[in-house]
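Visitor: Next comes the structure file data.csv, holding CSV, C-alpha atoms.
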```csv
chain,number,residue,atom,x,y,z
A,1,MET,CA,0.0,0.0,0.0
A,2,ARG,CA,1.5,3.3,-1.1
A,3,ASP,CA,1.7,6.3,1.3
A,4,VAL,CA,-1.1,8.4,-0.2
A,5,ALA,CA,-1.3,11.1,2.4
A,6,ILE,CA,1.8,13.0,3.3
A,7,ARG,CA,0.0,15.8,5.1
A,8,ASP,CA,-2.0,15.8,8.3
A,9,ILE,CA,-5.3,16.6,6.6
A,10,GLU,CA,-8.5,17.0,8.6
A,11,ILE,CA,-11.7,16.2,6.8
A,12,ALA,CA,-15.4,16.7,7.4
A,13,LEU,CA,-18.0,14.1,6.1
A,14,ALA,CA,-21.5,15.2,5.2
A,15,VAL,CA,-24.0,12.7,6.3
A,16,SER,CA,-24.5,10.0,3.6
A,17,THR,CA,-26.6,6.9,3.0
A,18,ARG,CA,-23.9,5.5,0.7
A,19,GLN,CA,-21.2,3.2,1.9
A,20,TRP,CA,-18.2,5.2,0.8
A,21,SER,CA,-18.4,7.4,3.9
A,22,ALA,CA,-18.3,4.5,6.4
A,23,HIS,CA,-15.6,2.7,4.5
A,24,LEU,CA,-13.4,5.7,4.3
A,25,HIS,CA,-13.8,6.5,8.0
A,26,ARG,CA,-12.9,2.9,9.0
A,27,PHE,CA,-9.9,3.0,6.7
A,28,LEU,CA,-8.6,6.2,8.3
A,29,VAL,CA,-9.0,4.8,11.8
A,30,ASP,CA,-7.1,1.6,10.8
A,31,HIS,CA,-4.4,3.1,8.6
A,32,GLY,CA,-4.3,6.9,9.1
A,33,GLY,CA,-3.6,9.3,6.3
A,34,ALA,CA,-6.1,11.9,7.4
A,35,ARG,CA,-8.4,12.5,10.3
A,36,VAL,CA,-12.2,12.9,10.4
A,37,ARG,CA,-12.8,16.1,12.2
A,38,LEU,CA,-16.6,16.1,12.2
A,39,TYR,CA,-19.8,14.8,10.6
A,40,VAL,CA,-22.0,17.5,9.0
A,41,MET,CA,-25.7,17.0,9.6
A,42,GLN,CA,-26.8,20.4,8.5
A,43,PRO,CA,-25.2,23.4,6.8
A,44,GLN,CA,-24.4,25.2,10.0
A,45,ASP,CA,-22.3,22.3,11.2
A,46,ALA,CA,-19.8,22.9,8.4
A,47,PHE,CA,-18.8,26.1,10.2
A,48,SER,CA,-18.7,24.8,13.7
A,49,GLU,CA,-15.1,23.5,13.6
A,50,GLU,CA,-12.0,23.9,11.6
A,51,PHE,CA,-11.1,21.4,8.9
A,52,ASP,CA,-9.5,21.2,5.5
A,53,VAL,CA,-11.8,19.3,3.1
A,54,LEU,CA,-15.6,18.5,3.1
A,55,LEU,CA,-16.7,15.4,1.3
A,56,ILE,CA,-20.4,15.6,0.3
A,57,ASP,CA,-22.8,13.6,-1.9
A,58,ASP,CA,-24.6,15.0,-5.0
A,59,ILE,CA,-27.8,13.8,-3.3
A,60,CYS,CA,-27.2,15.6,0.0
A,61,SER,CA,-30.3,17.6,0.9
A,62,PHE,CA,-28.4,20.8,1.9
A,63,LEU,CA,-25.9,20.9,-0.9
A,64,SER,CA,-26.2,24.2,-2.7
A,65,PRO,CA,-24.0,26.7,-4.6
A,66,HIS,CA,-24.4,29.0,-1.7
A,67,LEU,CA,-23.0,26.5,0.8
A,68,VAL,CA,-20.0,25.7,-1.4
A,69,GLU,CA,-19.3,29.4,-2.0
A,70,ASN,CA,-19.3,30.1,1.7
A,71,LEU,CA,-17.0,27.1,2.4
A,72,ASN,CA,-14.6,28.3,-0.2
A,73,ARG,CA,-14.6,31.8,1.2
A,74,ALA,CA,-13.8,30.3,4.7
A,75,GLY,CA,-10.8,28.5,3.2
A,76,HIS,CA,-12.3,25.0,3.0
A,77,ARG,CA,-12.2,22.7,-0.1
A,78,VAL,CA,-15.2,20.7,-1.2
A,79,VAL,CA,-15.0,17.3,-2.8
A,80,GLY,CA,-18.3,16.0,-4.4
A,81,VAL,CA,-19.1,12.3,-4.4
A,82,TYR,CA,-21.4,10.9,-7.1
A,83,SER,CA,-22.7,7.6,-8.3
A,84,PRO,CA,-23.3,7.4,-12.1
A,85,ALA,CA,-25.3,4.2,-11.6
A,86,GLU,CA,-27.8,6.1,-9.4
A,87,PHE,CA,-28.0,9.5,-11.1
A,88,SER,CA,-26.5,10.2,-14.5
A,89,ASP,CA,-26.4,13.9,-13.8
A,90,GLY,CA,-24.8,13.7,-10.4
A,91,LYS,CA,-21.4,14.9,-11.5
A,92,ASP,CA,-22.9,17.8,-13.4
A,93,ARG,CA,-24.9,18.8,-10.4
A,94,LEU,CA,-21.8,18.9,-8.2
A,95,LEU,CA,-19.8,20.9,-10.7
A,96,ALA,CA,-22.7,23.3,-11.1
A,97,CYS,CA,-22.5,23.9,-7.3
A,98,GLY,CA,-18.8,24.8,-7.7
A,99,VAL,CA,-17.1,22.0,-5.8
A,100,THR,CA,-13.3,21.8,-6.0
A,101,GLU,CA,-13.1,18.1,-7.2
A,102,VAL,CA,-15.4,15.2,-7.8
A,103,ILE,CA,-15.0,11.4,-7.3
A,104,GLU,CA,-17.2,8.4,-7.8
A,105,SER,CA,-18.7,6.8,-4.7
A,106,ASP,CA,-17.3,3.4,-5.5
A,107,ALA,CA,-13.7,4.6,-5.4
A,108,GLY,CA,-11.6,3.0,-2.8
A,109,PRO,CA,-10.3,4.8,0.3
A,110,GLU,CA,-6.8,5.1,-1.1
A,111,GLU,CA,-8.3,6.9,-4.2
A,112,PHE,CA,-10.1,9.3,-1.9
A,113,LEU,CA,-6.9,10.1,0.0
A,114,ALA,CA,-4.9,10.5,-3.2
A,115,LEU,CA,-7.4,13.0,-4.5
A,116,ILE,CA,-7.6,14.9,-1.2
A,117,ASP,CA,-3.8,15.0,-1.0
A,118,GLN,CA,-3.6,16.8,-4.3
A,119,LEU,CA,-5.8,19.7,-3.2
A,120,GLU,CA,-4.3,23.0,-2.4
A,121,ILE,CA,-5.0,23.6,1.3
A,122,ASN,CA,-4.8,27.1,2.7
A,123,ARG,CA,-5.2,27.0,6.5
A,124,GLU,CA,-4.4,30.6,6.9
A,125,SER,CA,-7.8,31.5,5.5
A,126,HIS,CA,-9.8,29.2,7.7
A,127,GLY,CA,-12.2,31.4,9.6
A,128,GLY,CA,-14.8,29.2,11.1
A,129,PRO,CA,-18.3,30.5,10.5
A,130,PRO,CA,-18.8,33.2,7.9
A,131,ASP,CA,-18.6,36.7,9.2
A,132,GLU,CA,-21.9,37.9,10.5
A,133,GLU,CA,-21.9,40.8,8.1
A,134,GLU,CA,-21.3,38.5,5.2
A,135,ASP,CA,-23.6,35.5,5.9
A,136,ARG,CA,-25.7,34.8,9.0
A,137,ALA,CA,-25.6,31.1,8.6
A,138,PHE,CA,-27.5,31.3,5.3
A,139,ALA,CA,-30.0,33.8,6.5
A,140,GLU,CA,-28.9,37.1,5.2
A,141,VAL,CA,-28.5,38.6,1.7
A,142,SER,CA,-24.8,39.0,0.8
A,143,PRO,CA,-23.5,42.5,0.1
A,144,GLN,CA,-23.3,41.6,-3.6
A,145,GLN,CA,-27.1,40.9,-3.6
A,146,PRO,CA,-28.7,43.7,-1.7
A,147,ALA,CA,-32.3,43.2,-2.8
A,148,PRO,CA,-34.5,44.2,0.2
A,149,LEU,CA,-36.8,41.8,1.9
A,150,VAL,CA,-40.0,43.2,3.4
A,151,ALA,CA,-41.5,40.8,6.1
A,152,VAL,CA,-45.2,41.2,6.8
A,153,GLY,CA,-46.5,39.5,9.9
A,154,SER,CA,-48.6,39.9,13.0
A,155,PRO,CA,-49.2,38.6,16.5
A,156,PRO,CA,-51.9,35.9,16.7
A,157,GLY,CA,-55.5,36.9,16.2
A,158,GLY,CA,-56.2,37.2,12.5
A,159,CYS,CA,-55.1,40.8,11.9
A,160,GLY,CA,-55.1,40.8,8.1
A,161,ALA,CA,-51.4,40.5,7.5
A,162,THR,CA,-51.9,38.4,4.3
A,163,GLU,CA,-54.1,41.1,2.8
A,164,VAL,CA,-51.6,43.8,3.7
A,165,ALA,CA,-48.7,41.8,2.2
A,166,ILE,CA,-50.6,41.3,-1.1
A,167,ALA,CA,-51.4,45.0,-1.3
A,168,LEU,CA,-47.9,46.1,-0.5
A,169,ALA,CA,-46.4,43.7,-3.1
A,170,ARG,CA,-48.9,44.8,-5.7
A,171,ARG,CA,-48.0,48.5,-5.3
A,172,MET,CA,-44.3,47.8,-5.3
A,173,ALA,CA,-44.7,45.8,-8.6
A,174,GLU,CA,-46.4,48.9,-10.1
A,175,ILE,CA,-43.4,51.1,-9.1
A,176,THR,CA,-40.5,48.7,-10.0
A,177,GLU,CA,-40.0,45.5,-11.9
A,178,GLY,CA,-38.8,42.3,-10.3
A,179,VAL,CA,-41.0,42.2,-7.2
A,180,GLY,CA,-41.8,38.8,-5.7
A,181,LEU,CA,-44.4,37.8,-3.1
A,182,LEU,CA,-43.7,34.7,-1.0
A,183,ASP,CA,-46.2,33.0,1.3
A,184,LEU,CA,-44.2,31.5,4.1
A,185,ASP,CA,-46.9,31.3,6.7
A,186,GLN,CA,-46.4,28.0,8.4
A,187,ARG,CA,-49.8,27.9,10.1
A,188,ALA,CA,-52.2,29.0,7.4
A,189,PRO,CA,-50.7,30.0,4.0
A,190,SER,CA,-53.5,31.5,2.0
A,191,VAL,CA,-52.1,33.9,-0.6
A,192,ALA,CA,-52.8,31.4,-3.5
A,193,GLN,CA,-56.4,30.8,-2.3
A,194,ARG,CA,-57.0,34.5,-1.8
A,195,LEU,CA,-55.9,35.4,-5.3
A,196,GLY,CA,-57.4,32.3,-7.1
A,197,LEU,CA,-54.1,30.8,-8.0
A,198,GLY,CA,-53.2,27.2,-8.2
A,199,LEU,CA,-51.5,25.5,-5.2
A,200,HIS,CA,-48.7,24.2,-7.4
A,201,PRO,CA,-45.9,25.0,-8.0
A,202,ASN,CA,-45.2,26.2,-4.5
A,203,LEU,CA,-42.5,26.6,-1.9
A,204,LEU,CA,-41.7,22.9,-1.9
A,205,THR,CA,-41.2,23.1,-5.7
A,206,ALA,CA,-38.9,26.0,-5.3
A,207,ILE,CA,-36.8,24.2,-2.6
A,208,ASP,CA,-36.4,21.2,-4.9
A,209,ALA,CA,-35.4,23.5,-7.8
A,210,VAL,CA,-32.8,25.3,-5.7
A,211,TYR,CA,-31.3,22.2,-4.0
A,212,HIS,CA,-31.7,19.5,-6.6
A,213,HIS,CA,-31.9,21.6,-9.8
A,214,SER,CA,-35.1,19.7,-10.8
A,215,ASP,CA,-36.2,22.9,-12.6
A,216,SER,CA,-35.5,26.6,-12.6
A,217,LEU,CA,-36.6,28.7,-9.7
A,218,GLU,CA,-38.1,31.1,-12.3
A,219,SER,CA,-40.6,28.4,-13.4
A,220,CYS,CA,-42.0,28.1,-9.8
A,221,TRP,CA,-43.6,31.6,-9.8
A,222,HIS,CA,-47.2,32.4,-10.6
A,223,THR,CA,-48.2,35.8,-12.1
A,224,MET,CA,-51.3,37.8,-11.7
A,225,ARG,CA,-53.1,38.8,-14.9
A,226,GLY,CA,-52.5,42.5,-15.6
A,227,SER,CA,-49.6,42.7,-13.1
A,228,SER,CA,-45.9,42.1,-13.1
A,229,LEU,CA,-46.1,40.8,-9.6
A,230,ARG,CA,-44.6,37.3,-9.2
A,231,ILE,CA,-46.1,35.0,-6.5
A,232,LEU,CA,-44.8,31.9,-4.8
A,233,PRO,CA,-47.6,30.1,-2.9
A,234,GLY,CA,-47.0,28.4,0.5
A,235,VAL,CA,-47.1,24.7,1.2
A,236,PRO,CA,-50.8,23.6,1.3
A,237,ASN,CA,-50.3,20.4,3.3
A,238,LEU,CA,-49.9,20.7,7.1
A,239,VAL,CA,-47.6,17.6,7.3
A,240,ASP,CA,-45.3,19.0,4.6
A,241,ARG,CA,-45.2,22.4,6.3
A,242,SER,CA,-44.0,20.8,9.5
A,243,HIS,CA,-41.0,19.2,7.7
A,244,LEU,CA,-39.8,22.5,6.2
A,245,ARG,CA,-36.2,23.3,7.2
A,246,ARG,CA,-35.1,26.8,8.1
A,247,SER,CA,-31.9,26.4,6.0
A,248,GLU,CA,-34.0,25.4,2.9
A,249,VAL,CA,-36.2,28.4,3.1
A,250,ALA,CA,-33.3,30.7,3.7
A,251,GLU,CA,-31.6,29.4,0.5
A,252,VAL,CA,-34.8,30.0,-1.5
A,253,LEU,CA,-34.9,33.5,-0.1
A,254,LEU,CA,-31.3,34.1,-1.0
A,255,GLU,CA,-31.8,32.9,-4.5
A,256,THR,CA,-34.9,35.0,-4.9
A,257,ALA,CA,-33.0,38.1,-3.7
A,258,ARG,CA,-30.4,37.6,-6.4
A,259,VAL,CA,-33.0,37.9,-9.2
A,260,SER,CA,-35.4,40.3,-7.6
A,261,ARG,CA,-35.6,44.0,-7.1
A,262,ALA,CA,-37.5,43.5,-3.9
A,263,THR,CA,-39.2,40.7,-2.1
A,264,VAL,CA,-42.3,40.8,0.1
A,265,VAL,CA,-42.8,37.8,2.5
A,266,ASN,CA,-46.0,37.0,4.3
A,267,PHE,CA,-44.7,35.0,7.2
A,268,GLY,CA,-47.8,35.0,9.5
A,269,HIS,CA,-47.2,34.8,13.2
A,270,TRP,CA,-43.7,34.9,14.7
A,271,GLN,CA,-42.9,34.4,18.4
A,272,SER,CA,-39.5,34.8,20.1
A,273,PRO,CA,-38.1,31.4,21.0
A,274,SER,CA,-38.4,30.5,24.6
A,275,THR,CA,-35.4,29.4,26.7
A,276,ASP,CA,-36.0,25.7,26.1
A,277,GLN,CA,-36.2,26.1,22.3
A,278,PRO,CA,-33.3,26.1,19.8
A,279,VAL,CA,-31.1,29.2,19.8
A,280,TRP,CA,-32.2,31.9,17.4
A,281,GLY,CA,-30.7,31.6,13.9
A,282,VAL,CA,-29.4,28.0,14.4
A,283,THR,CA,-32.3,25.5,14.1
A,284,GLY,CA,-35.2,27.9,14.4
A,285,SER,CA,-38.4,27.9,12.4
A,286,VAL,CA,-39.1,29.1,8.9
A,287,SER,CA,-40.2,32.5,10.3
A,288,ASP,CA,-36.8,32.8,12.0
A,289,ALA,CA,-35.1,32.7,8.6
A,290,VAL,CA,-37.4,35.4,7.4
A,291,MET,CA,-36.9,37.6,10.4
A,292,GLU,CA,-33.1,37.3,10.2
A,293,MET,CA,-33.1,38.4,6.5
A,294,ALA,CA,-35.7,41.2,6.7
A,295,SER,CA,-34.6,44.7,6.1
A,296,VAL,CA,-38.1,46.0,6.8
A,297,VAL,CA,-40.7,44.5,9.2
A,298,VAL,CA,-44.3,45.4,8.8
A,299,GLY,CA,-46.4,44.4,11.8
A,300,VAL,CA,-50.2,44.3,11.5
A,301,ALA,CA,-52.4,44.9,14.5
A,302,LEU,CA,-56.1,45.2,15.3
A,303,PRO,CA,-57.4,48.4,16.9
A,304,ASN,CA,-58.5,47.0,20.3
A,305,PRO,CA,-56.7,46.7,23.7
A,306,VAL,CA,-55.7,43.1,23.2
A,307,GLY,CA,-54.5,43.7,19.7
A,308,ILE,CA,-52.4,46.7,20.8
A,309,ILE,CA,-50.9,44.9,23.7
A,310,ARG,CA,-49.9,41.9,21.5
A,311,MET,CA,-48.3,44.2,19.0
A,312,VAL,CA,-46.3,46.0,21.6
A,313,GLU,CA,-44.9,42.6,22.9
A,314,TRP,CA,-44.3,41.4,19.3
A,315,ILE,CA,-42.3,44.5,18.4
A,316,GLY,CA,-40.4,44.2,21.6
A,317,ASP,CA,-39.3,40.7,20.7
A,318,ILE,CA,-38.3,41.7,17.2
A,319,ARG,CA,-36.2,44.7,18.4
A,320,ALA,CA,-34.4,42.4,20.8
A,321,ARG,CA,-33.3,40.2,17.9
A,322,ARG,CA,-33.1,42.7,15.0
A,323,PRO,CA,-32.5,46.1,16.5
A,324,GLU,CA,-31.3,47.4,13.1
A,325,ALA,CA,-34.5,46.5,11.2
A,326,SER,CA,-36.8,49.2,10.0
A,327,ILE,CA,-40.2,48.7,11.6
A,328,HIS,CA,-43.7,49.8,10.4
A,329,VAL,CA,-46.8,49.2,12.5
A,330,VAL,CA,-50.1,49.0,10.7
A,331,VAL,CA,-53.4,49.3,12.5
A,332,ASN,CA,-55.8,47.5,10.3
A,333,LYS,CA,-59.6,48.1,10.2
A,334,ALA,CA,-58.9,51.3,12.1
A,335,PRO,CA,-61.8,53.4,13.4
A,336,GLY,CA,-62.6,56.6,11.6
A,337,SER,CA,-62.6,58.7,14.8
A,338,LEU,CA,-59.6,61.0,14.9
A,339,SER,CA,-59.6,61.1,18.7
A,340,VAL,CA,-59.5,57.2,18.8
A,341,ARG,CA,-56.7,57.1,16.2
A,342,LYS,CA,-54.8,59.7,18.2
A,343,ALA,CA,-55.1,57.7,21.4
A,344,LEU,CA,-53.9,54.5,19.5
A,345,PHE,CA,-51.0,56.4,17.9
A,346,GLU,CA,-49.8,57.8,21.3
A,347,GLU,CA,-50.1,54.4,23.0
A,348,LEU,CA,-48.1,52.7,20.2
A,349,SER,CA,-45.5,55.5,19.9
A,350,SER,CA,-44.7,55.4,23.6
A,351,ALA,CA,-44.5,51.6,23.7
A,352,VAL,CA,-42.7,50.6,20.5
A,353,GLY,CA,-40.3,53.5,20.2
A,354,PRO,CA,-39.1,54.6,16.7
A,355,ALA,CA,-41.5,53.0,14.2
A,356,ARG,CA,-43.7,54.4,11.5
A,357,ILE,CA,-47.4,53.9,12.4
A,358,ALA,CA,-50.1,53.8,9.7
A,359,PHE,CA,-53.8,53.3,9.9
A,360,LEU,CA,-55.8,51.3,7.3
A,361,PRO,CA,-59.6,51.9,7.4
A,362,GLU,CA,-62.3,49.3,7.2
A,363,ASP,CA,-63.2,48.9,3.5
A,364,THR,CA,-65.9,46.6,2.1
A,365,ARG,CA,-64.0,46.4,-1.2
A,366,VAL,CA,-61.5,44.1,0.6
A,367,ALA,CA,-64.1,41.5,1.3
A,368,GLU,CA,-65.5,41.8,-2.2
A,369,ALA,CA,-62.1,41.3,-3.8
A,370,ALA,CA,-61.4,38.3,-1.5
A,371,TRP,CA,-64.7,36.6,-2.7
A,372,ASN,CA,-63.7,37.2,-6.3
A,373,GLY,CA,-60.1,36.2,-5.9
A,374,VAL,CA,-58.8,39.5,-7.3
A,375,LEU,CA,-56.6,42.4,-6.1
A,376,VAL,CA,-58.2,45.3,-4.4
A,377,GLU,CA,-58.4,47.8,-7.2
A,378,ARG,CA,-59.5,51.0,-5.4
A,379,GLY,CA,-60.9,52.5,-2.2
A,380,ARG,CA,-59.6,53.7,1.1
A,381,PHE,CA,-57.7,50.4,1.9
A,382,ARG,CA,-56.0,50.5,-1.4
A,383,ARG,CA,-54.9,54.1,-1.0
A,384,GLY,CA,-53.6,53.5,2.5
A,385,CYS,CA,-51.5,50.5,1.4
A,386,ASP,CA,-50.2,52.4,-1.5
A,387,ARG,CA,-48.9,55.2,0.8
A,388,LEU,CA,-47.4,52.6,3.1
A,389,ALA,CA,-45.6,50.8,0.2
A,390,ASP,CA,-44.3,54.1,-1.0
A,391,GLN,CA,-42.8,54.8,2.4
A,392,VAL,CA,-41.3,51.3,2.6
A,393,LEU,CA,-39.7,51.6,-0.9
A,394,GLU,CA,-38.4,55.1,-0.1
A,395,GLY,CA,-36.6,53.7,2.9
A,396,VAL,CA,-35.1,50.6,1.4
A,397,PHE,CA,-33.9,52.3,-1.8
A,398,ALA,CA,-32.8,55.5,-0.1
A,399,HIS,CA,-29.1,54.5,-0.4
A,400,GLU,CA,-29.3,54.1,-4.2
```
So that I can check it, write out the structure of this file as structure tokens.
Guide:
Amino acid sequence: MRDVAIRDIEIALAVSTRQWSAHLHRFLVDHGGARVRLYVMQPQDAFSEEFDVLLIDDICSFLSPHLVENLNRAGHRVVGVYSPAEFSDGKDRLLACGVTEVIESDAGPEEFLALIDQLEINRESHGGPPDEEEDRAFAEVSPQQPAPLVAVGSPPGGCGATEVAIALARRMAEITEGVGLLDLDQRAPSVAQRLGLGLHPNLLTAIDAVYHHSDSLESCWHTMRGSSLRILPGVPNLVDRSHLRRSEVAEVLLETARVSRATVVNFGHWQSPSTDQPVWGVTGSVSDAVMEMASVVVGVALPNPVGIIRMVEWIGDIRARRPEASIHVVVNKAPGSLSVRKALFEELSSAVGPARIAFLPEDTRVAEAAWNGVLVERGRFRRGCDRLADQVLEGVFAHE
């Protein structure tokens, strides 16, 4: 047996159902040549410790160009493993993701080591997790892709966040091209139903397109007749929604940001994780990914004591996690009385601090549009949302 490894190389193994991984690990334990530093179960694991080379399958669920790009930026090399007998396009998929080298899964351990030993390793550039300003563990648009994300949500209670998200996206699409509306509500996604769109393709289709190149992300969008607005419906099945991974959704958001002028996300209800739940930004829910990427947060509240108290608590949680985010508070179905609106404004202003507060009046045209599956074309609600959208766009594009 020839001495195939002359350097003390540390490798990471992405979790795999194929036998090459176990065979290689056993060989290294028995004969040396390299050391397995860690097993990678999810993208964040790849930045938890220092290593030289990651070995990952073409069928790995979290393999993506974004992952490989960030690993390369951190000084790691990536070797893709494929099986021509299983998937004829496996090699092409790996190369499209930008891996350093590829190798067939039925290669022997010595062949793996020979390939790894030929790689140029630069340990000086190892930096652990990507810098927070560059990449918050796959949950923030990179400086090269600054398309803003406007997150529309609310505390629990049926405040009308979906309707507001649709109206904001529609107005933005009138002002600028390349606006997308994503329905990422994990509890009750309803944008497609509200606008009379088909339930497929949807978020799951987009995840498959981004991760497995089953189709183009562009083909997953729906369009409204007479509008340039692009819409990605949520996942209709409750069981499927419960299996969504935060990292998958973050990757779709990142890819969307690269090809969009602006993105509006209806993410429904979000609640700050309790002490016994996963740490923010590591294994959190889908809405965590949205909140971490959002440049603007629009919170929708109802004009009653319970609604206002819930909104104050909700904004407080958001400020604790994202103090830099621009916040707009929308009081939906607001009463017409100026004195009542003034009291609501003063209460919210004193409680939530620096935030723009808007009032959207009750408007029967909203219910009529919902029954007909169309956009709200005119009326007080439409005019109020248009003003809000103008303010949001003015803020997010002020630096241009």
Visitor: I need every residue sitting at most 8 Å from the point (-52.5, 26.5, -3.1) (coordinates as in the file, all atoms listed in the file considered), written as a PyMOL selection string.
Guide: chain A and resi 190-193+197-200+202+233-236
Visitor: As an exercise, work out the distance from atom CA of Ile121 of chain A to atom CA of Ile103 of chain A in Å and give it to one decimal place.
Guide: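 If I compute the distance from atom CA of Ile121 of chain A to atom CA of Ile103 of chain A, I get 18.0 Å.
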Visitor: Can you measure atom CA of Glu248 of chain A to atom CA of His66 of chain A for me? One decimal in Å is fine.
Guide: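 If I compute the distance from atom CA of Glu248 of chain A to atom CA of His66 of chain A, I get 11.2 Å.
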Visitor: With all atoms listed in the file as the atoms that count, which of A:Ile166, A:Leu302, A:Ala250, A:Cys97 lies nearest to Lys333 of chain A?
Guide: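 Among the listed residues, the smallest separation from Lys333 of chain A belongs to A:Leu302.
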Visitor: Quick one, how far is atom CA of Glu163 of chain A from atom CA of Val376 of chain A?
Guide: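 Separation of atom CA of Glu163 of chain A and atom CA of Val376 of chain A: 9.3 Å.
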Visitor: Closest to Gln118 of chain A among A:Leu238, A:Val53, A:Ala173, A:Val150, using all atoms listed in the file?
Guide: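 Selected residue with least distance to Gln118 of chain A: A:Val53.
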Visitor: Excluding Arg187 of chain A and any residue of its chain fewer than 2 positions from it, enumerate the residues within 9 Å of it, using only C-alpha atoms, and give them as JSON, numbers by chain.
Guide: {"A": [184, 185, 189, 238, 241, 268, 269]}
Visitor: Which residue is closest to Asp57 of chain A? Choose from A:Arg18, A:Arg310, A:Arg380, A:Arg365 and count all atoms listed in the file.
Guide: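 Under the stated criterion, the closest residue is A:Arg18.
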Visitor: Measuring between all atoms listed in the file, which one of A:Ala206, A:Ala147, A:Val306, A:Leu393 shows the shortest distance to Ala257 of chain A?
Guide: A:Ala147
Visitor: Can you tell me which residues surround Arg77 of chain A at a distance of at most 12 Å, considering only C-alpha atoms, apart from same-chain residues fewer than 6 positions away, and format the answer as a PyMOL selection string?
Guide: chain A and resi 9-12+46+50-56+67-71+98-102+115-123+125-126
Visitor: Might you pull out every residue within 9 Å of Thr205 of chain A, with all atoms listed in the file counted and same-chain residues fewer than 5 positions away left off, and present them as a list in words?
Guide: His200, Val210, Ser214, Asp215, Leu217 and Cys220 of chain A
Visitor: So which residues fall inside 12 Å of (-56.4, 47.0, 20.9) if we count only C-alpha atoms? Mind giving them as a PyMOL selection string?
Guide: chain A and resi 155+157+159+300-312+331-335+340-341+343-345+347-348
Visitor: Could you tell me which of A:Val374, A:Ile357, A:Leu338, A:Ala14 comes closest to Asp45 of chain A if we count all atoms listed in the file?
Guide: A:Ala14
Visitor: Do a neighbour search on Met172 of chain A at 8 Å with only C-alpha atoms, toss out local chain neighbours closer than 4 positions, and write the hits as an NGL selection string.
Guide: :A and (168 or 176 or 179 or 389-390 or 393)
Visitor: Find the spatial neighbours of Gly384 of chain A, counting only C-alpha atoms, within a cut-off of 9 Å - ignore same-chain residues fewer than 4 positions away - and output them as a list in words.
Guide: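 The residues that qualify are Ala358, Phe359, Leu360, Pro361, Gly379, Arg380, Leu388 and Ala389 of chain A.
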Visitor: Residues of segment 175-261 of chain A within 10 Å of segment 369-372 of chain A: nearest atom pair and distance (Å, one decimal) for each, counting all atoms listed in the file, sorted by chain and number, as a Markdown table?
Guide:
```
| residue | atom | partner | partner_atom | distance |
| --- | --- | --- | --- | --- |
| A:Gln193 | CA | A:Ala370 | CA | 9.0 |
| A:Arg194 | CA | A:Ala370 | CA | 5.8 |
| A:Leu195 | CA | A:Ala370 | CA | 7.3 |
| A:Gly196 | CA | A:Asn372 | CA | 8.0 |
```
Visitor: Pick from A:Ile175, A:Ala34, A:Val40, A:Leu63: nearest to Pro109 of chain A, with only C-alpha atoms counted?
Guide: A:Ala34
Visitor: Only N, CA, C and O atoms needed: put segment 40-47 of chain A from the block into a file as a PDB file, in the first residue's frame.
Guide:
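Saved as part.pdb:
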```pdb
ATOM      1  N   VAL A  40     -21.113  16.334   9.270  1.00  0.00           N
ATOM      2  CA  VAL A  40     -21.954  17.492   8.986  1.00  0.00           C
ATOM      3  C   VAL A  40     -23.382  17.017   8.755  1.00  0.00           C
ATOM      4  O   VAL A  40     -23.673  16.326   7.778  1.00  0.00           O
ATOM      5  N   MET A  41     -24.280  17.388   9.664  1.00  0.00           N
ATOM      6  CA  MET A  41     -25.682  16.984   9.584  1.00  0.00           C
ATOM      7  C   MET A  41     -26.562  18.069   8.972  1.00  0.00           C
ATOM      8  O   MET A  41     -27.629  17.788   8.453  1.00  0.00           O
ATOM      9  N   GLN A  42     -26.117  19.319   9.042  1.00  0.00           N
ATOM     10  CA  GLN A  42     -26.849  20.448   8.483  1.00  0.00           C
ATOM     11  C   GLN A  42     -25.844  21.528   8.110  1.00  0.00           C
ATOM     12  O   GLN A  42     -24.686  21.475   8.555  1.00  0.00           O
ATOM     13  N   PRO A  43     -26.206  22.485   7.284  1.00  0.00           N
ATOM     14  CA  PRO A  43     -25.225  23.449   6.780  1.00  0.00           C
ATOM     15  C   PRO A  43     -24.429  24.154   7.867  1.00  0.00           C
ATOM     16  O   PRO A  43     -23.223  24.362   7.728  1.00  0.00           O
ATOM     17  N   GLN A  44     -25.087  24.513   8.966  1.00  0.00           N
ATOM     18  CA  GLN A  44     -24.399  25.245  10.010  1.00  0.00           C
ATOM     19  C   GLN A  44     -23.258  24.450  10.629  1.00  0.00           C
ATOM     20  O   GLN A  44     -22.271  25.014  11.115  1.00  0.00           O
ATOM     21  N   ASP A  45     -23.379  23.110  10.622  1.00  0.00           N
ATOM     22  CA  ASP A  45     -22.326  22.275  11.199  1.00  0.00           C
ATOM     23  C   ASP A  45     -20.991  22.463  10.476  1.00  0.00           C
ATOM     24  O   ASP A  45     -19.933  22.287  11.067  1.00  0.00           O
ATOM     25  N   ALA A  46     -21.067  22.800   9.193  1.00  0.00           N
ATOM     26  CA  ALA A  46     -19.845  22.922   8.397  1.00  0.00           C
ATOM     27  C   ALA A  46     -18.991  24.109   8.822  1.00  0.00           C
ATOM     28  O   ALA A  46     -17.854  24.243   8.369  1.00  0.00           O
ATOM     29  N   PHE A  47     -19.534  24.963   9.682  1.00  0.00           N
ATOM     30  CA  PHE A  47     -18.778  26.118  10.163  1.00  0.00           C
ATOM     31  C   PHE A  47     -18.569  26.075  11.667  1.00  0.00           C
ATOM     32  O   PHE A  47     -18.189  27.063  12.279  1.00  0.00           O
TER      33      PHE A  47
END
```
